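Source file final.pdb; content: PDB, C-alpha atoms.
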```pdb
ATOM      1  CA  MET A  52      13.241 -20.679   0.987
ATOM      2  CA  ALA A  53      12.745 -19.176  -2.492
ATOM      3  CA  ALA A  54      15.936 -20.709  -3.869
ATOM      4  CA  SER A  55      14.931 -24.175  -2.704
ATOM      5  CA  ARG A  56      11.806 -23.832  -4.879
ATOM      6  CA  GLN A  57      13.686 -22.388  -7.886
ATOM      7  CA  ILE A  58      12.071 -18.983  -7.342
ATOM      8  CA  THR A  59      13.998 -15.807  -8.121
ATOM      9  CA  VAL A  60      13.263 -12.836  -5.882
ATOM     10  CA  LEU A  61      13.485  -9.533  -7.736
ATOM     11  CA  ARG A  62      14.232  -6.372  -5.841
ATOM     12  CA  LEU A  63      13.313  -3.177  -7.604
ATOM     13  CA  PRO A  64      14.626   0.233  -6.600
ATOM     14  CA  PRO A  65      12.551   1.556  -3.727
ATOM     15  CA  ARG A  66      10.018   4.022  -5.035
ATOM     16  CA  LEU A  67       7.106   3.287  -2.768
ATOM     17  CA  PRO A  68       6.026   6.128  -0.520
ATOM     18  CA  PRO A  69       6.402   5.398   3.177
ATOM     19  CA  TYR A  70       3.249   4.637   5.175
ATOM     20  CA  HIS A  71       1.191   3.721   2.088
ATOM     21  CA  CYS A  72       0.860  -0.039   2.306
ATOM     22  CA  GLU A  73      -2.064   0.128  -0.142
ATOM     23  CA  LEU A  74       0.485   1.008  -2.844
ATOM     24  CA  ASN A  75       2.628  -2.063  -2.213
ATOM     25  CA  PRO A  76       1.411  -5.325  -3.800
ATOM     26  CA  ILE A  77       3.408  -7.446  -1.346
ATOM     27  CA  GLU A  78       1.183  -6.149   1.442
ATOM     28  CA  LEU A  79      -1.905  -7.484  -0.351
ATOM     29  CA  VAL A  80      -0.264 -10.853  -0.933
ATOM     30  CA  TRP A  81       0.959 -11.023   2.659
ATOM     31  CA  ALA A  82      -2.546 -10.198   3.932
ATOM     32  CA  GLN A  83      -3.942 -13.081   1.870
ATOM     33  CA  VAL A  84      -1.289 -15.469   3.192
ATOM     34  CA  LYS A  85      -1.859 -14.432   6.814
ATOM     35  CA  GLY A  86      -5.626 -14.719   6.401
ATOM     36  CA  ASP A  87      -5.248 -18.180   4.905
ATOM     37  CA  VAL A  88      -3.066 -19.298   7.821
ATOM     38  CA  ALA A  89      -5.447 -17.798  10.385
ATOM     39  CA  ARG A  90      -8.520 -19.454   8.829
ATOM     40  CA  ASN A  91      -6.890 -22.879   8.743
ATOM     41  CA  SER A  92      -5.015 -22.860  12.043
ATOM     42  CA  THR A  93      -6.668 -25.088  14.604
ATOM     43  CA  SER A  94      -3.878 -26.146  16.949
ATOM     44  CA  PHE A  95      -1.963 -22.833  17.046
ATOM     45  CA  LYS A  96       1.263 -24.786  17.503
ATOM     46  CA  LEU A  97       4.232 -23.075  15.898
ATOM     47  CA  SER A  98       5.170 -26.181  13.931
ATOM     48  CA  ASP A  99       1.627 -26.395  12.494
ATOM     49  CA  VAL A 100       1.542 -22.672  11.701
ATOM     50  CA  LYS A 101       4.849 -23.025   9.854
ATOM     51  CA  ILE A 102       3.391 -25.805   7.687
ATOM     52  CA  LEU A 103       0.283 -23.717   7.002
ATOM     53  CA  LEU A 104       2.475 -20.741   6.097
ATOM     54  CA  GLU A 105       4.556 -22.764   3.659
ATOM     55  CA  ASN A 106       1.423 -24.251   2.071
ATOM     56  CA  SER A 107      -0.180 -20.832   1.764
ATOM     57  CA  LEU A 108       2.949 -19.342   0.199
ATOM     58  CA  GLU A 109       2.985 -22.129  -2.366
ATOM     59  CA  ARG A 110      -0.526 -21.118  -3.404
ATOM     60  CA  VAL A 111       0.610 -17.579  -4.250
ATOM     61  CA  THR A 112       0.519 -17.738  -8.026
ATOM     62  CA  ALA A 113       1.700 -15.372 -10.724
ATOM     63  CA  ASP A 114      -1.965 -14.644 -11.408
ATOM     64  CA  LYS A 115      -2.515 -13.573  -7.779
ATOM     65  CA  TRP A 116       0.502 -11.288  -8.029
ATOM     66  CA  GLN A 117      -0.806  -9.767 -11.272
ATOM     67  CA  ARG A 118      -4.202  -9.094  -9.695
ATOM     68  CA  CYS A 119      -2.564  -7.422  -6.689
ATOM     69  CA  ILE A 120      -0.376  -5.291  -8.950
ATOM     70  CA  HIS A 121      -3.415  -4.321 -11.029
ATOM     71  CA  HIS A 122      -5.299  -3.378  -7.854
ATOM     72  CA  VAL A 123      -2.392  -1.217  -6.688
ATOM     73  CA  HIS A 124      -2.267   0.553 -10.067
ATOM     74  CA  LYS A 125      -5.990   1.337  -9.781
ATOM     75  CA  GLU A 126      -5.488   2.685  -6.244
ATOM     76  CA  GLU A 127      -2.596   4.845  -7.417
ATOM     77  CA  GLU A 128      -4.714   6.254 -10.260
ATOM     78  CA  LYS A 129      -7.467   7.123  -7.758
ATOM     79  CA  MET A 130      -4.933   8.931  -5.591
ATOM     80  CA  TRP A 131      -3.603  10.927  -8.560
ATOM     81  CA  GLU A 132      -7.161  11.873  -9.568
ATOM     82  CA  LEU A 133      -7.913  12.999  -6.018
ATOM     83  CA  ASP A 134      -4.679  14.980  -5.906
ATOM     84  CA  ASN A 135      -5.616  16.737  -9.157
ATOM     85  CA  LEU A 136      -9.123  17.494  -7.854
ATOM     86  CA  ILE A 137      -7.667  19.014  -4.710
ATOM     87  CA  ASP A 138      -5.300  21.165  -6.784
ATOM     88  CA  VAL A 139      -8.256  22.472  -8.798
ATOM     89  CA  ALA A 140     -10.675  22.941  -5.893
ATOM     90  CA  VAL A 141      -8.401  24.554  -3.323
ATOM     91  CA  GLU A 142      -7.529  28.164  -3.921
ATOM     92  CA  PRO A 143      -3.906  29.028  -3.313
ATOM     93  CA  LEU A 144      -3.199  30.682   0.003
ATOM     94  CA  VAL A 145      -0.812  33.617  -0.165
ATOM     95  CA  ILE A 146       0.636  35.142   2.955
ATOM     96  CA  ASN A 147       2.507  38.400   2.475
ATOM     97  CA  LEU A 148       5.250  38.928   5.027
ATOM     98  CA  GLY A 149       6.115  42.477   3.956
ATOM     99  CA  ASP A 150       5.578  45.779   5.770
ATOM    100  CA  GLU A 151       2.094  46.282   4.379
ATOM    101  CA  ASP A 152      -0.629  47.758   6.532
ATOM    102  CA  SER A 153      -2.017  45.140   8.878
ATOM    103  CA  SER A 154      -4.719  45.055  11.471
ATOM    104  CA  ASP A 155      -5.583  42.785  14.353
ATOM    105  CA  SER A 156      -9.251  43.414  13.769
ATOM    106  CA  GLU A 157     -11.454  40.466  12.883
ATOM    107  CA  ASP A 158     -13.759  42.802  10.915
ATOM    108  CA  GLU A 159     -11.578  42.440   7.845
ATOM    109  CA  PHE A 160     -12.212  38.720   7.559
TER
END
```
Structure re-expressed in structure tokens:
Amino acid sequence: MAASRQITVLRLPPRLPPYHCELNPIELVWAQVKGDVARNSTSFKLSDVKILLENSLERVTADKWQRCIHHVHKEEEKMWELDNLIDVAVEPLVINLGDEDSSDSEDEF
């Protein structure tokens, strides 16, 4: 489908974390395409849905891609900031497994 429209599909090395669709721009684009098809589908016939899909895909512009990529970068920055805040706020937990004196009493907590 891409080749027939003189579109080159680039595949980058996988570096996206699993189960984090918000960090994958294709998920944002795909959501827009699906939403466009759903809003415009009136007959729900497969042949009509296919036409709507193709039309919606043609409206995915380089600008839309850039905006989705920019959004993903902002989300990633938020996640890194949150990760750093958690590292600062949470005290390290140390569990000693040696033969030190231990007690089952809850009074020591």
Please provide as a PDB file with C-alpha atoms, keeping the file's coordinate frame all residues within 12 Å of range 77-80 of chain A, with the sequence filter that same-chain residues fewer than 3 positions apart are discarded (counting only C-alpha atoms).
```pdb
ATOM      1  CA  ARG A  62      14.232  -6.372  -5.841  1.00  0.00           C
ATOM      2  CA  LEU A  67       7.106   3.287  -2.768  1.00  0.00           C
ATOM      3  CA  TYR A  70       3.249   4.637   5.175  1.00  0.00           C
ATOM      4  CA  HIS A  71       1.191   3.721   2.088  1.00  0.00           C
ATOM      5  CA  CYS A  72       0.860  -0.039   2.306  1.00  0.00           C
ATOM      6  CA  GLU A  73      -2.064   0.128  -0.142  1.00  0.00           C
ATOM      7  CA  LEU A  74       0.485   1.008  -2.844  1.00  0.00           C
ATOM      8  CA  GLN A  83      -3.942 -13.081   1.870  1.00  0.00           C
ATOM      9  CA  VAL A  84      -1.289 -15.469   3.192  1.00  0.00           C
ATOM     10  CA  LYS A  85      -1.859 -14.432   6.814  1.00  0.00           C
ATOM     11  CA  GLY A  86      -5.626 -14.719   6.401  1.00  0.00           C
ATOM     12  CA  ASP A  87      -5.248 -18.180   4.905  1.00  0.00           C
ATOM     13  CA  SER A 107      -0.180 -20.832   1.764  1.00  0.00           C
ATOM     14  CA  LEU A 108       2.949 -19.342   0.199  1.00  0.00           C
ATOM     15  CA  GLU A 109       2.985 -22.129  -2.366  1.00  0.00           C
ATOM     16  CA  ARG A 110      -0.526 -21.118  -3.404  1.00  0.00           C
ATOM     17  CA  VAL A 111       0.610 -17.579  -4.250  1.00  0.00           C
ATOM     18  CA  THR A 112       0.519 -17.738  -8.026  1.00  0.00           C
ATOM     19  CA  ALA A 113       1.700 -15.372 -10.724  1.00  0.00           C
ATOM     20  CA  ASP A 114      -1.965 -14.644 -11.408  1.00  0.00           C
ATOM     21  CA  LYS A 115      -2.515 -13.573  -7.779  1.00  0.00           C
ATOM     22  CA  TRP A 116       0.502 -11.288  -8.029  1.00  0.00           C
ATOM     23  CA  GLN A 117      -0.806  -9.767 -11.272  1.00  0.00           C
ATOM     24  CA  ARG A 118      -4.202  -9.094  -9.695  1.00  0.00           C
ATOM     25  CA  CYS A 119      -2.564  -7.422  -6.689  1.00  0.00           C
ATOM     26  CA  ILE A 120      -0.376  -5.291  -8.950  1.00  0.00           C
ATOM     27  CA  HIS A 121      -3.415  -4.321 -11.029  1.00  0.00           C
ATOM     28  CA  HIS A 122      -5.299  -3.378  -7.854  1.00  0.00           C
ATOM     29  CA  VAL A 123      -2.392  -1.217  -6.688  1.00  0.00           C
TER      30      VAL A 123
END
```
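Using all atoms listed in the file, the shortest contact distance between Met52 in chain A and any of A:Asn75, A:Trp81, A:Asn147, A:Leu104 is found at A:Leu104.
For the pair CA of Arg66 in chain A and CA of Trp131 in chain A, the interatomic distance is 15.7 Å.
Note that the spacing between CA of Ser55 in chain A and CA of Lys101 in chain A amounts to 16.1 Å.
Taking CA of Asp99 in chain A and CA of Gln57 in chain A as endpoints, the distance between them is 24.0 Å.
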Any chance you could work out the axis-aligned box around range 123-127 of chain A, listed atoms only, 4 Å on each side, giving centre and edge lengths in Å to one decimal, as JSON?
```
{"center_x": -4.1, "center_y": 1.8, "center_z": -8.2, "size_x": 11.7, "size_y": 14.1, "size_z": 11.8}
```
